[in-house]
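A.B. asks: Dropping in final.pdb, with PDB, C-alpha atoms and all ligand atoms.
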```pdb
ATOM      1  CA  MET A   1     -10.194 -13.533   2.326  1.00  0.00           C
ATOM      2  CA  GLY A   2     -13.091 -11.186   3.063  1.00  0.00           C
ATOM      3  CA  ASP A   3     -16.386 -11.760   4.732  1.00  0.00           C
ATOM      4  CA  GLN A   4     -19.892 -11.198   3.542  1.00  0.00           C
ATOM      5  CA  VAL A   5     -21.163  -8.034   5.189  1.00  0.00           C
ATOM      6  CA  PRO A   6     -24.606  -6.397   5.041  1.00  0.00           C
ATOM      7  CA  ILE A   7     -24.915  -3.136   3.112  1.00  0.00           C
ATOM      8  CA  GLU A   8     -26.434  -1.559   6.207  1.00  0.00           C
ATOM      9  CA  GLU A   9     -26.657  -2.759   9.803  1.00  0.00           C
ATOM     10  CA  GLY A  10     -30.162  -3.479  10.998  1.00  0.00           C
ATOM     11  CA  LEU A  11     -31.759  -3.802   7.571  1.00  0.00           C
ATOM     12  CA  PHE A  12     -31.891  -7.586   7.718  1.00  0.00           C
ATOM     13  CA  THR A  13     -30.734 -10.347  10.054  1.00  0.00           C
ATOM     14  CA  TRP A  14     -27.159 -11.204   9.116  1.00  0.00           C
ATOM     15  CA  PRO A  15     -25.404 -13.557   9.334  1.00  0.00           C
ATOM     16  CA  SER A  16     -28.232 -16.059   9.449  1.00  0.00           C
ATOM     17  CA  ASP A  17     -29.190 -19.380   7.889  1.00  0.00           C
ATOM     18  CA  SER A  18     -32.445 -17.791   6.757  1.00  0.00           C
ATOM     19  CA  PRO A  19     -31.993 -14.015   6.788  1.00  0.00           C
ATOM     20  CA  LYS A  20     -35.089 -11.864   7.117  1.00  0.00           C
ATOM     21  CA  LEU A  21     -35.815  -8.199   6.575  1.00  0.00           C
ATOM     22  CA  VAL A  22     -36.200  -6.288   9.816  1.00  0.00           C
ATOM     23  CA  GLY A  23     -39.030  -3.792  10.041  1.00  0.00           C
ATOM     24  CA  SER A  24     -40.856  -2.375  12.997  1.00  0.00           C
ATOM     25  CA  GLU A  25     -44.405  -2.765  14.195  1.00  0.00           C
ATOM     26  CA  CYS A  26     -46.307  -0.151  16.151  1.00  0.00           C
ATOM     27  CA  GLN A  27     -47.662  -1.664  19.341  1.00  0.00           C
ATOM     28  CA  ASP A  28     -50.470   0.909  19.452  1.00  0.00           C
ATOM     29  CA  CYS A  29     -51.950   0.943  15.950  1.00  0.00           C
ATOM     30  CA  GLY A  30     -50.302  -2.082  14.322  1.00  0.00           C
ATOM     31  CA  ALA A  31     -48.631  -0.194  11.463  1.00  0.00           C
ATOM     32  CA  ILE A  32     -45.621  -2.029  10.043  1.00  0.00           C
ATOM     33  CA  VAL A  33     -42.791  -0.126   8.401  1.00  0.00           C
ATOM     34  CA  PHE A  34     -39.551  -1.025   6.677  1.00  0.00           C
ATOM     35  CA  PRO A  35     -36.802  -0.155   7.396  1.00  0.00           C
ATOM     36  CA  ALA A  36     -37.451  -0.176  11.134  1.00  0.00           C
ATOM     37  CA  GLN A  37     -38.242   3.174  12.753  1.00  0.00           C
ATOM     38  CA  SER A  38     -38.364   4.158  16.381  1.00  0.00           C
ATOM     39  CA  GLY A  39     -41.501   6.227  15.805  1.00  0.00           C
ATOM     40  CA  CYS A  40     -44.737   5.216  14.104  1.00  0.00           C
ATOM     41  CA  PRO A  41     -45.383   7.204  10.901  1.00  0.00           C
ATOM     42  CA  ARG A  42     -49.137   6.572  11.185  1.00  0.00           C
ATOM     43  CA  CYS A  43     -49.988   7.504  14.776  1.00  0.00           C
ATOM     44  CA  THR A  44     -46.650   9.031  15.933  1.00  0.00           C
ATOM     45  CA  SER A  45     -46.436   6.590  18.862  1.00  0.00           C
ATOM     46  CA  ASP A  46     -42.904   5.675  19.898  1.00  0.00           C
ATOM     47  CA  ASN A  47     -44.120   2.317  21.189  1.00  0.00           C
ATOM     48  CA  THR A  48     -42.646   0.264  18.338  1.00  0.00           C
ATOM     49  CA  GLU A  49     -40.850  -3.054  18.287  1.00  0.00           C
ATOM     50  CA  THR A  50     -38.653  -4.558  15.610  1.00  0.00           C
ATOM     51  CA  LYS A  51     -40.257  -7.322  13.617  1.00  0.00           C
ATOM     52  CA  GLU A  52     -38.820  -9.855  11.196  1.00  0.00           C
ATOM     53  CA  LEU A  53     -40.854  -9.605   8.015  1.00  0.00           C
ATOM     54  CA  GLY A  54     -42.198 -12.385   5.856  1.00  0.00           C
ATOM     55  CA  THR A  55     -40.136 -13.578   2.914  1.00  0.00           C
ATOM     56  CA  ARG A  56     -42.836 -13.671   0.256  1.00  0.00           C
ATOM     57  CA  GLY A  57     -45.008 -11.082  -1.376  1.00  0.00           C
ATOM     58  CA  LYS A  58     -46.548  -9.781  -4.553  1.00  0.00           C
ATOM     59  CA  LEU A  59     -44.833  -7.554  -7.073  1.00  0.00           C
ATOM     60  CA  TRP A  60     -46.678  -4.219  -6.756  1.00  0.00           C
ATOM     61  CA  THR A  61     -44.797  -2.184  -9.316  1.00  0.00           C
ATOM     62  CA  TRP A  62     -41.438  -2.388 -11.020  1.00  0.00           C
ATOM     63  CA  THR A  63     -39.091  -0.705 -13.445  1.00  0.00           C
ATOM     64  CA  ILE A  64     -35.700  -1.409 -14.921  1.00  0.00           C
ATOM     65  CA  GLN A  65     -32.785   0.767 -13.857  1.00  0.00           C
ATOM     66  CA  GLY A  66     -30.979   1.055 -17.160  1.00  0.00           C
ATOM     67  CA  PHE A  67     -28.106   3.366 -16.178  1.00  0.00           C
ATOM     68  CA  PRO A  68     -25.917   3.718 -13.086  1.00  0.00           C
ATOM     69  CA  PRO A  69     -27.619   5.656 -10.295  1.00  0.00           C
ATOM     70  CA  LYS A  70     -25.803   8.719  -8.981  1.00  0.00           C
ATOM     71  CA  SER A  71     -22.902   8.022  -6.676  1.00  0.00           C
ATOM     72  CA  PRO A  72     -23.495   8.163  -3.716  1.00  0.00           C
ATOM     73  CA  PRO A  73     -25.540   6.158  -2.878  1.00  0.00           C
ATOM     74  CA  TYR A  74     -24.545   3.945  -5.772  1.00  0.00           C
ATOM     75  CA  GLN A  75     -21.265   2.297  -4.808  1.00  0.00           C
ATOM     76  CA  GLY A  76     -20.831  -0.255  -7.540  1.00  0.00           C
ATOM     77  CA  ASP A  77     -18.381  -0.150 -10.412  1.00  0.00           C
ATOM     78  CA  VAL A  78     -19.948   2.164 -12.982  1.00  0.00           C
ATOM     79  CA  ASP A  79     -17.999   0.589 -15.852  1.00  0.00           C
ATOM     80  CA  ALA A  80     -19.291  -2.843 -14.941  1.00  0.00           C
ATOM     81  CA  PHE A  81     -22.873  -1.611 -14.634  1.00  0.00           C
ATOM     82  CA  GLU A  82     -25.634  -3.863 -15.852  1.00  0.00           C
ATOM     83  CA  PRO A  83     -29.306  -2.902 -15.850  1.00  0.00           C
ATOM     84  CA  PHE A  84     -31.246  -4.263 -12.904  1.00  0.00           C
ATOM     85  CA  GLY A  85     -34.851  -4.427 -11.862  1.00  0.00           C
ATOM     86  CA  VAL A  86     -36.199  -2.342  -9.007  1.00  0.00           C
ATOM     87  CA  GLY A  87     -39.672  -2.254  -7.603  1.00  0.00           C
ATOM     88  CA  TYR A  88     -41.987  -2.540  -4.673  1.00  0.00           C
ATOM     89  CA  VAL A  89     -42.958  -5.899  -3.267  1.00  0.00           C
ATOM     90  CA  GLU A  90     -45.967  -6.019  -0.974  1.00  0.00           C
ATOM     91  CA  ILE A  91     -45.050  -8.569   1.677  1.00  0.00           C
ATOM     92  CA  HIS A  92     -48.189 -10.519   2.487  1.00  0.00           C
ATOM     93  CA  ASN A  93     -50.266  -8.767   5.153  1.00  0.00           C
ATOM     94  CA  GLU A  94     -47.352  -6.573   6.149  1.00  0.00           C
ATOM     95  CA  VAL A  95     -45.775  -3.749   4.196  1.00  0.00           C
ATOM     96  CA  LYS A  96     -44.566  -2.617   0.789  1.00  0.00           C
ATOM     97  CA  VAL A  97     -40.803  -2.790   0.484  1.00  0.00           C
ATOM     98  CA  GLU A  98     -38.705  -0.937  -2.077  1.00  0.00           C
ATOM     99  CA  THR A  99     -36.269  -3.498  -3.382  1.00  0.00           C
ATOM    100  CA  ARG A 100     -33.908  -4.634  -6.035  1.00  0.00           C
ATOM    101  CA  LEU A 101     -35.198  -7.434  -8.225  1.00  0.00           C
ATOM    102  CA  THR A 102     -33.013 -10.284  -9.411  1.00  0.00           C
ATOM    103  CA  VAL A 103     -34.597 -10.061 -12.840  1.00  0.00           C
ATOM    104  CA  ALA A 104     -34.391  -7.183 -15.333  1.00  0.00           C
ATOM    105  CA  ASP A 105     -36.522  -8.715 -18.064  1.00  0.00           C
ATOM    106  CA  LYS A 106     -39.783  -7.168 -19.250  1.00  0.00           C
ATOM    107  CA  GLU A 107     -40.908 -10.582 -20.464  1.00  0.00           C
ATOM    108  CA  VAL A 108     -40.650 -12.038 -16.992  1.00  0.00           C
ATOM    109  CA  LEU A 109     -41.727  -9.296 -14.595  1.00  0.00           C
ATOM    110  CA  GLU A 110     -45.449  -8.989 -14.116  1.00  0.00           C
ATOM    111  CA  ILE A 111     -47.380  -6.942 -11.583  1.00  0.00           C
ATOM    112  CA  GLY A 112     -48.998  -9.227  -9.024  1.00  0.00           C
ATOM    113  CA  MET A 113     -46.547 -12.095  -9.454  1.00  0.00           C
ATOM    114  CA  GLU A 114     -45.319 -13.965  -6.392  1.00  0.00           C
ATOM    115  CA  MET A 115     -41.858 -12.940  -5.246  1.00  0.00           C
ATOM    116  CA  GLU A 116     -39.461 -14.371  -2.714  1.00  0.00           C
ATOM    117  CA  LEU A 117     -36.731 -12.723  -0.646  1.00  0.00           C
ATOM    118  CA  THR A 118     -33.144 -13.489  -1.546  1.00  0.00           C
ATOM    119  CA  PHE A 119     -29.722 -11.945  -0.973  1.00  0.00           C
ATOM    120  CA  ILE A 120     -27.191 -10.874  -3.583  1.00  0.00           C
ATOM    121  CA  PRO A 121     -23.615  -9.582  -3.555  1.00  0.00           C
ATOM    122  CA  LEU A 122     -23.470  -5.944  -4.641  1.00  0.00           C
ATOM    123  CA  PHE A 123     -19.776  -5.135  -4.747  1.00  0.00           C
ATOM    124  CA  THR A 124     -16.513  -5.777  -2.932  1.00  0.00           C
ATOM    125  CA  ASP A 125     -15.442  -3.100  -0.495  1.00  0.00           C
ATOM    126  CA  ASP A 126     -11.932  -1.767   0.132  1.00  0.00           C
ATOM    127  CA  GLU A 127     -11.253  -4.445   2.750  1.00  0.00           C
ATOM    128  CA  GLY A 128     -12.155  -7.261   0.389  1.00  0.00           C
ATOM    129  CA  ASN A 129     -15.529  -7.945   1.976  1.00  0.00           C
ATOM    130  CA  GLU A 130     -18.409  -8.885  -0.234  1.00  0.00           C
ATOM    131  CA  VAL A 131     -21.221  -6.429   0.453  1.00  0.00           C
ATOM    132  CA  ILE A 132     -24.627  -8.100   0.500  1.00  0.00           C
ATOM    133  CA  THR A 133     -28.033  -6.577  -0.092  1.00  0.00           C
ATOM    134  CA  PHE A 134     -31.521  -7.984  -0.222  1.00  0.00           C
ATOM    135  CA  ALA A 135     -33.509  -8.493  -3.405  1.00  0.00           C
ATOM    136  CA  PHE A 136     -36.668 -10.214  -4.503  1.00  0.00           C
ATOM    137  CA  ALA A 137     -36.790 -12.973  -7.089  1.00  0.00           C
ATOM    138  CA  PRO A 138     -39.802 -14.354  -8.950  1.00  0.00           C
ATOM    139  CA  LEU A 139     -40.967 -17.421  -7.068  1.00  0.00           C
ATOM    140  CA  ALA A 140     -40.019 -20.528  -9.009  1.00  0.00           C
ATOM    141  CA  SER A 141     -43.243 -22.118 -10.181  1.00  0.00           C
TER     142      SER A 141
HETATM  143 ZN    ZN B 201     -48.894   3.546  15.283  1.00  0.00          ZN
END
```
Render the structure in this file as structure tokens.
C.D. replies:
Amino acid sequence: MGDQVPIEEGLFTWPSDSPKLVGSECQDCGAIVFPAQSGCPRCTSDNTETKELGTRGKLWTWTIQGFPPKSPPYQGDVDAFEPFGVGYVEIHNEVKVETRLTVADKEVLEIGMEMELTFIPLFTDDEGNEVITFAFAPLAS
């Protein structure tokens, strides 16, 4: 029986009852970036600290990935591929995050809609672990 493991260490808090994305905040100019960086891309300061990001934001732009991305980095089963949504979500007052979307439906996705962080299984690795990544889902209204 495998575990649930994060796709990449340090990207989000895991395991956790309420996992959060982990970015970094520059202590000099206040710039927030995701994923976390040791240097600030705005003012080049190295005085940054990791910061757990908010879990809600607005859909800034989106598209539907209709064919398997090149491997690597795509590690899923190409034969089992199903189109998925990708986009940028602007976390309130923080930072735009490139993310998978749980929805791949043109009728549902709308720029500016409220989105909420969630976590989805991507694939099962060679050791039987379920590999988890983050995604954003339209906020249930
Ligand atoms: Zn800075």
A.B. asks: Neighbours of ligand ZN 201 (chain B) within 7 Å, counting all atoms listed in the file, as a ChimeraX atom specification?
C.D. replies: /A:26-31,40-45
A.B. asks: Can you list, as a count of residues only, the residues that the PyMOL selection byres (((chain A and resi 4-17) around 6) and not hetatm) selects here?
C.D. replies: 11
A.B. asks: Step by step, work through what the PyMOL selection byres (((chain A and resi 58-62) around 10) and not hetatm) selects in the shown file, and finish by giving those residues as number ranges by chain.
C.D. replies: A: 56-57, 63-65, 85-92, 96-101, 104, 106, 109-116, 136-139
A.B. asks: Could you turn the residues from that selection into a file that holds C-alpha atoms, as a JSON list (two decimals), in the coordinates of the input?
C.D. replies:
```json
[["chain", "number", "residue", "atom", "x", "y", "z"],
["A", 56, "ARG", "CA", -42.84, -13.67, 0.26],
["A", 57, "GLY", "CA", -45.01, -11.08, -1.38],
["A", 63, "THR", "CA", -39.09, -0.70, -13.44],
["A", 64, "ILE", "CA", -35.70, -1.41, -14.92],
["A", 65, "GLN", "CA", -32.78, 0.77, -13.86],
["A", 85, "GLY", "CA", -34.85, -4.43, -11.86],
["A", 86, "VAL", "CA", -36.20, -2.34, -9.01],
["A", 87, "GLY", "CA", -39.67, -2.25, -7.60],
["A", 88, "TYR", "CA", -41.99, -2.54, -4.67],
["A", 89, "VAL", "CA", -42.96, -5.90, -3.27],
["A", 90, "GLU", "CA", -45.97, -6.02, -0.97],
["A", 91, "ILE", "CA", -45.05, -8.57, 1.68],
["A", 92, "HIS", "CA", -48.19, -10.52, 2.49],
["A", 96, "LYS", "CA", -44.57, -2.62, 0.79],
["A", 97, "VAL", "CA", -40.80, -2.79, 0.48],
["A", 98, "GLU", "CA", -38.70, -0.94, -2.08],
["A", 99, "THR", "CA", -36.27, -3.50, -3.38],
["A", 100, "ARG", "CA", -33.91, -4.63, -6.04],
["A", 101, "LEU", "CA", -35.20, -7.43, -8.22],
["A", 104, "ALA", "CA", -34.39, -7.18, -15.33],
["A", 106, "LYS", "CA", -39.78, -7.17, -19.25],
["A", 109, "LEU", "CA", -41.73, -9.30, -14.60],
["A", 110, "GLU", "CA", -45.45, -8.99, -14.12],
["A", 111, "ILE", "CA", -47.38, -6.94, -11.58],
["A", 112, "GLY", "CA", -49.00, -9.23, -9.02],
["A", 113, "MET", "CA", -46.55, -12.10, -9.45],
["A", 114, "GLU", "CA", -45.32, -13.96, -6.39],
["A", 115, "MET", "CA", -41.86, -12.94, -5.25],
["A", 116, "GLU", "CA", -39.46, -14.37, -2.71],
["A", 136, "PHE", "CA", -36.67, -10.21, -4.50],
["A", 137, "ALA", "CA", -36.79, -12.97, -7.09],
["A", 138, "PRO", "CA", -39.80, -14.35, -8.95],
["A", 139, "LEU", "CA", -40.97, -17.42, -7.07]]
```
A.B. asks: Please provide the set of residues having any atom within 10 Å of Glu49 in chain A, restricted to only C-alpha atoms, with same-chain residues fewer than 2 positions apart removed, written as a PyMOL selection string.
C.D. replies: chain A and resi 23-27+32+36-39+46-47+51
A.B. asks: Kindly give the distance, in Å, that separates CA of Glu127 in chain A and CA of Gly2 in chain A, rounded to a single decimal.
C.D. replies: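 These two atoms are separated by 7.0 Å.
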A.B. asks: Between A:Gly54, A:Pro121, A:Pro35, A:Gly66, which one has atoms that come closest to Glu82 in chain A, using all atoms listed in the file?
C.D. replies: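 Closest to Glu82 in chain A of all the choices is A:Gly66.
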A.B. asks: For CA of Phe84 in chain A and CA of Phe67 in chain A, quote the distance in Å rounded to one decimal.
C.D. replies: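 Between these atoms lies a distance of 8.9 Å.
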A.B. asks: What does the distance between CA of Phe34 in chain A and CA of Leu53 in chain A come to in Å, to one decimal place?
C.D. replies: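 Atom-to-atom, CA of Phe34 in chain A to CA of Leu53 in chain A, that is 8.8 Å.
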A.B. asks: Please produce range 27-58 of chain A, completed to N, CA and C atoms, as an mmCIF file, in the coordinates of the input.
C.D. replies:
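For reference, out-v4.cif as written:
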```cif
data_model
loop_
_atom_site.group_PDB
_atom_site.id
_atom_site.type_symbol
_atom_site.label_atom_id
_atom_site.label_comp_id
_atom_site.auth_asym_id
_atom_site.auth_seq_id
_atom_site.Cartn_x
_atom_site.Cartn_y
_atom_site.Cartn_z
ATOM 1 N N GLN A 27 -46.906 -0.886 18.371
ATOM 2 C CA GLN A 27 -47.662 -1.664 19.341
ATOM 3 C C GLN A 27 -49.013 -1.010 19.660
ATOM 4 N N ASP A 28 -49.202 0.222 19.201
ATOM 5 C CA ASP A 28 -50.470 0.909 19.452
ATOM 6 C C ASP A 28 -51.457 0.753 18.299
ATOM 7 N N CYS A 29 -50.991 0.979 17.065
ATOM 8 C CA CYS A 29 -51.950 0.943 15.950
ATOM 9 C C CYS A 29 -51.672 -0.204 14.987
ATOM 10 N N GLY A 30 -50.557 -0.912 15.156
ATOM 11 C CA GLY A 30 -50.302 -2.082 14.322
ATOM 12 C C GLY A 30 -49.610 -1.787 13.003
ATOM 13 N N ALA A 31 -49.299 -0.532 12.727
ATOM 14 C CA ALA A 31 -48.631 -0.194 11.463
ATOM 15 C C ALA A 31 -47.252 -0.844 11.413
ATOM 16 N N ILE A 32 -46.931 -1.405 10.236
ATOM 17 C CA ILE A 32 -45.621 -2.029 10.043
ATOM 18 C C ILE A 32 -44.861 -1.194 9.031
ATOM 19 N N VAL A 33 -43.608 -0.894 9.329
ATOM 20 C CA VAL A 33 -42.791 -0.126 8.401
ATOM 21 C C VAL A 33 -41.458 -0.829 8.172
ATOM 22 N N PHE A 34 -40.884 -0.542 7.010
ATOM 23 C CA PHE A 34 -39.551 -1.025 6.677
ATOM 24 C C PHE A 34 -38.832 0.085 5.942
ATOM 25 N N PRO A 35 -37.561 0.387 6.262
ATOM 26 C CA PRO A 35 -36.802 -0.155 7.396
ATOM 27 C C PRO A 35 -37.422 0.243 8.742
ATOM 28 N N ALA A 36 -36.941 -0.424 9.798
ATOM 29 C CA ALA A 36 -37.451 -0.176 11.134
ATOM 30 C C ALA A 36 -37.289 1.291 11.527
ATOM 31 N N GLN A 37 -38.289 1.804 12.237
ATOM 32 C CA GLN A 37 -38.242 3.174 12.753
ATOM 33 C C GLN A 37 -38.601 3.152 14.221
ATOM 34 N N SER A 38 -38.053 4.118 14.952
ATOM 35 C CA SER A 38 -38.364 4.158 16.381
ATOM 36 C C SER A 38 -39.700 4.845 16.636
ATOM 37 N N GLY A 39 -40.200 5.589 15.653
ATOM 38 C CA GLY A 39 -41.501 6.227 15.805
ATOM 39 C C GLY A 39 -42.451 5.730 14.740
ATOM 40 N N CYS A 40 -43.744 5.690 15.067
ATOM 41 C CA CYS A 40 -44.737 5.216 14.104
ATOM 42 C C CYS A 40 -45.139 6.353 13.167
ATOM 43 N N PRO A 41 -45.019 6.147 11.843
ATOM 44 C CA PRO A 41 -45.383 7.204 10.901
ATOM 45 C C PRO A 41 -46.899 7.413 10.821
ATOM 46 N N ARG A 42 -47.682 6.442 11.305
ATOM 47 C CA ARG A 42 -49.137 6.572 11.185
ATOM 48 C C ARG A 42 -49.719 7.319 12.381
ATOM 49 N N CYS A 43 -49.346 6.904 13.598
ATOM 50 C CA CYS A 43 -49.988 7.504 14.776
ATOM 51 C C CYS A 43 -48.988 8.240 15.665
ATOM 52 N N THR A 44 -47.737 8.322 15.240
ATOM 53 C CA THR A 44 -46.650 9.031 15.933
ATOM 54 C C THR A 44 -46.276 8.430 17.291
ATOM 55 N N SER A 45 -46.837 7.279 17.630
ATOM 56 C CA SER A 45 -46.436 6.590 18.862
ATOM 57 C C SER A 45 -44.960 6.205 18.778
ATOM 58 N N ASP A 46 -44.275 6.200 19.927
ATOM 59 C CA ASP A 46 -42.904 5.675 19.898
ATOM 60 C C ASP A 46 -42.853 4.276 20.500
ATOM 61 N N ASN A 47 -44.017 3.673 20.649
ATOM 62 C CA ASN A 47 -44.120 2.317 21.189
ATOM 63 C C ASN A 47 -44.039 1.310 20.042
ATOM 64 N N THR A 48 -42.821 1.187 19.457
ATOM 65 C CA THR A 48 -42.646 0.264 18.338
ATOM 66 C C THR A 48 -41.648 -0.827 18.713
ATOM 67 N N GLU A 49 -41.803 -1.963 18.082
ATOM 68 C CA GLU A 49 -40.850 -3.054 18.287
ATOM 69 C C GLU A 49 -40.384 -3.563 16.937
ATOM 70 N N THR A 50 -39.121 -4.016 16.880
ATOM 71 C CA THR A 50 -38.653 -4.558 15.610
ATOM 72 C C THR A 50 -39.371 -5.876 15.328
ATOM 73 N N LYS A 51 -39.503 -6.153 14.049
ATOM 74 C CA LYS A 51 -40.257 -7.322 13.617
ATOM 75 C C LYS A 51 -39.578 -7.897 12.383
ATOM 76 N N GLU A 52 -39.351 -9.205 12.394
ATOM 77 C CA GLU A 52 -38.820 -9.855 11.196
ATOM 78 C C GLU A 52 -39.966 -10.049 10.216
ATOM 79 N N LEU A 53 -39.769 -9.581 9.003
ATOM 80 C CA LEU A 53 -40.854 -9.605 8.015
ATOM 81 C C LEU A 53 -40.908 -10.947 7.300
ATOM 82 N N GLY A 54 -42.031 -11.189 6.668
ATOM 83 C CA GLY A 54 -42.198 -12.385 5.856
ATOM 84 C C GLY A 54 -41.287 -12.348 4.639
ATOM 85 N N THR A 55 -41.094 -13.488 4.016
ATOM 86 C CA THR A 55 -40.136 -13.578 2.914
ATOM 87 C C THR A 55 -40.816 -13.655 1.547
ATOM 88 N N ARG A 56 -42.148 -13.605 1.545
ATOM 89 C CA ARG A 56 -42.836 -13.671 0.256
ATOM 90 C C ARG A 56 -43.835 -12.542 0.114
ATOM 91 N N GLY A 57 -44.041 -12.134 -1.130
ATOM 92 C CA GLY A 57 -45.008 -11.082 -1.376
ATOM 93 C C GLY A 57 -45.353 -11.016 -2.842
ATOM 94 N N LYS A 58 -46.112 -9.980 -3.173
ATOM 95 C CA LYS A 58 -46.548 -9.781 -4.553
ATOM 96 C C LYS A 58 -45.834 -8.566 -5.131
#
```
